[in-house]
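The file upload.tsv comes next; it holds TSV, C-alpha atoms.
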```tsv
chain	number	residue	atom	x	y	z
I	864	MET	CA	4.49	10.33	-3.20
I	865	VAL	CA	3.76	6.72	-2.35
I	866	ASP	CA	3.39	4.01	-5.02
I	867	ILE	CA	0.28	1.90	-4.44
I	868	GLU	CA	-0.57	-1.08	-6.62
I	869	VAL	CA	-3.75	-3.12	-6.30
I	870	TYR	CA	-4.15	-6.44	-8.11
I	871	THR	CA	-7.82	-7.11	-8.79
I	872	ASN	CA	-10.08	-9.42	-10.74
I	873	LYS	CA	-13.47	-9.00	-12.38
I	874	GLY	CA	-16.47	-9.74	-10.16
I	875	CYS	CA	-14.54	-9.60	-6.88
I	876	PRO	CA	-16.42	-7.87	-4.01
I	877	ALA	CA	-13.28	-7.61	-1.85
I	878	CYS	CA	-11.51	-5.86	-4.74
I	879	VAL	CA	-14.28	-3.26	-4.90
I	880	SER	CA	-14.09	-2.84	-1.11
I	881	VAL	CA	-10.34	-2.23	-1.04
I	882	LYS	CA	-10.62	0.30	-3.88
I	883	HIS	CA	-13.39	2.17	-2.02
I	884	TYR	CA	-11.31	2.04	1.16
I	885	LEU	CA	-8.32	3.61	-0.60
I	886	ASP	CA	-10.56	6.15	-2.34
I	887	ARG	CA	-11.95	7.23	1.05
I	888	LYS	CA	-8.37	7.72	2.23
I	889	GLY	CA	-7.88	10.02	-0.77
I	890	VAL	CA	-4.87	8.23	-2.26
I	891	ASP	CA	-4.09	7.39	-5.87
I	892	TYR	CA	-3.33	3.81	-6.81
I	893	VAL	CA	-2.64	1.75	-9.88
I	894	GLU	CA	-5.12	-1.05	-10.49
I	895	LYS	CA	-3.68	-4.11	-12.20
I	896	LYS	CA	-6.41	-6.40	-13.49
I	897	LEU	CA	-5.66	-10.10	-13.56
I	898	GLY	CA	-6.65	-12.06	-16.62
I	899	LYS	CA	-6.13	-9.15	-19.01
I	900	SER	CA	-2.43	-9.75	-19.64
I	901	LYS	CA	-0.19	-12.77	-19.21
I	902	GLN	CA	2.60	-10.42	-18.04
I	903	VAL	CA	0.42	-9.04	-15.20
I	904	ASP	CA	-0.61	-12.58	-14.21
I	905	ILE	CA	3.03	-13.74	-14.03
I	906	GLU	CA	4.04	-10.60	-12.13
I	907	PHE	CA	1.24	-11.24	-9.62
I	908	THR	CA	2.28	-14.87	-9.14
I	909	VAL	CA	5.92	-13.93	-8.52
I	910	ARG	CA	5.28	-10.94	-6.26
I	911	THR	CA	2.68	-12.71	-4.10
I	912	LYS	CA	4.53	-16.05	-3.95
I	913	ASN	CA	1.71	-17.77	-5.84
I	914	SER	CA	-1.11	-16.38	-3.69
I	915	LYS	CA	-4.59	-17.49	-4.70
I	916	LYS	CA	-6.42	-14.64	-2.95
I	917	ILE	CA	-7.36	-11.30	-4.42
I	918	PRO	CA	-7.13	-8.38	-4.05
I	919	GLN	CA	-3.46	-7.97	-3.17
I	920	VAL	CA	-2.08	-4.56	-2.23
I	921	PHE	CA	1.50	-3.30	-2.47
I	922	ILE	CA	2.61	0.00	-0.95
I	923	ASP	CA	6.01	1.24	-2.10
I	924	GLY	CA	6.84	-2.29	-3.25
I	925	GLU	CA	6.01	-3.83	0.13
I	926	TRP	CA	3.39	-6.56	0.06
I	927	ILE	CA	0.59	-5.56	2.44
I	928	GLY	CA	-1.91	-8.30	1.63
I	929	GLY	CA	-5.63	-8.35	0.89
I	930	PHE	CA	-8.57	-6.24	2.02
I	931	ASP	CA	-8.62	-7.71	5.53
I	932	ASP	CA	-4.92	-6.93	5.91
I	933	VAL	CA	-5.44	-3.32	4.80
I	934	VAL	CA	-8.16	-2.92	7.44
I	935	ARG	CA	-5.91	-4.57	10.05
I	936	TYR	CA	-3.08	-2.13	9.22
I	937	ASP	CA	-5.51	0.78	9.53
I	938	ARG	CA	-6.80	-0.37	12.93
I	939	ALA	CA	-3.21	-0.79	14.17
I	940	GLY	CA	-2.46	2.81	13.12
I	941	GLU	CA	0.04	1.73	10.47
I	942	LEU	CA	-1.83	2.42	7.24
I	943	ASP	CA	-1.90	6.23	7.19
I	944	TRP	CA	1.85	6.68	7.51
I	945	ARG	CA	2.49	3.94	4.95
I	946	LEU	CA	0.19	5.81	2.55
I	947	GLY	CA	2.10	9.02	3.24
I	948	LEU	CA	-0.86	10.73	4.92
I	949	THR	CA	0.90	11.21	8.27
I	950	ASP	CA	4.44	11.08	9.59
I	951	ARG	CA	5.81	7.76	10.75
I	952	PRO	CA	5.35	7.51	14.52
I	953	LYS	CA	8.47	7.51	16.64
I	954	THR	CA	8.83	4.37	18.70
I	955	GLY	CA	11.39	3.52	21.34
I	956	PHE	CA	13.39	0.33	21.55
I	957	ILE	CA	11.05	-1.35	24.04
I	958	GLN	CA	7.99	-0.34	22.01
I	959	LYS	CA	9.60	-1.85	18.89
I	960	ILE	CA	10.15	-5.15	20.68
I	961	ILE	CA	6.57	-5.22	21.99
I	962	ARG	CA	5.17	-4.37	18.55
I	963	PHE	CA	7.36	-7.06	16.96
I	964	LEU	CA	6.13	-9.67	19.44
I	965	LYS	CA	2.53	-8.65	18.72
I	966	GLY	CA	3.18	-9.06	14.98
I	967	GLU	CA	2.99	-5.37	14.11
I	968	LYS	CA	5.33	-4.19	11.38
I	969	TYR	CA	7.00	-0.95	12.51
```
Kindly return the structure encoded in the file as structure tokens.
Amino acid sequence: MVDIEVYTNKGCPACVSVKHYLDRKGVDYVEKKLGKSKQVDIEFTVRTKNSKKIPQVFIDGEWIGGFDDVVRYDRAGELDWRLGLTDRPKTGFIQKIIRFLKGEKY
């Protein structure tokens, strides 16, 4: 099972969008609300290197980014395997170099 954490804040439309997006994918996630606990706020600051944008999504401890980044991962075909919904695609050496140069993660 994959660990998914979503840092959100009250009144944030992008936070609602990313939660709906993950719900449509059928995955469970832990929502961590900023402003409720000083510990969560400090954890957010450290893990996101003082990011000012919300929401922020982590999958298995890897920082994915905000809602736009989640959509970008999905369009690149990387989100489903990161969420554990499909197997990780096999890529050859040349494909890995091309994907790296294009800024894709795997």
Report task. Would you mind listing what lies within 10 Å of region 935-952 of chain I as a ChimeraX atom specification, with all atoms listed in the file counted and same-chain residues fewer than 6 positions away left out? Result -> /I:864-867,885,888-891,922-923,925,927-929,967-969
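Here CA of Tyr892 (chain I) stands at a distance of 26.5 Å from CA of Lys953 (chain I).
Between CA of Tyr870 (chain I) and CA of Pro918 (chain I) lies a distance of 5.4 Å.
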Requested in this report: Identify, on the basis of only C-alpha atoms, every residue whose closest approach to Pro876 (chain I) does not exceed 10 Å; exclude the query and any residue fewer than 4 positions from it along the same chain; express the result as a count of residues only.
Outcome: 6
Query raised in the report: Hey, can you check how far CA of Cys878 (chain I) sits from CA of Phe921 (chain I)?
Result: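 Distance reported for this atom pair: 13.5 Å.
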Query - From I:Thr954, I:Phe907, I:Lys912, I:Val869, residue lying nearest Glu894 (chain I) [all atoms listed in the file] - result: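 Distance minimum relative to Glu894 (chain I) lands on I:Val869.
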Requested in this report: Rank I:Ile905, I:Gly874, I:Arg910, I:Gln919 by their smallest atom-to-atom distance to Asp931 (chain I), using only C-alpha atoms, and report the top residue only.
Outcome: I:Gln919
Step by step, gather every atom of region 900-919 of chain I that the file lists, find the box along x, y and z that holds them, add 5 Å on each side, and finally give centre and edge lengths in Å to one decimal, as JSON.
```
{"center_x": -0.7, "center_y": -12.9, "center_z": -11.3, "size_x": 23.3, "size_y": 19.8, "size_z": 26.7}
```
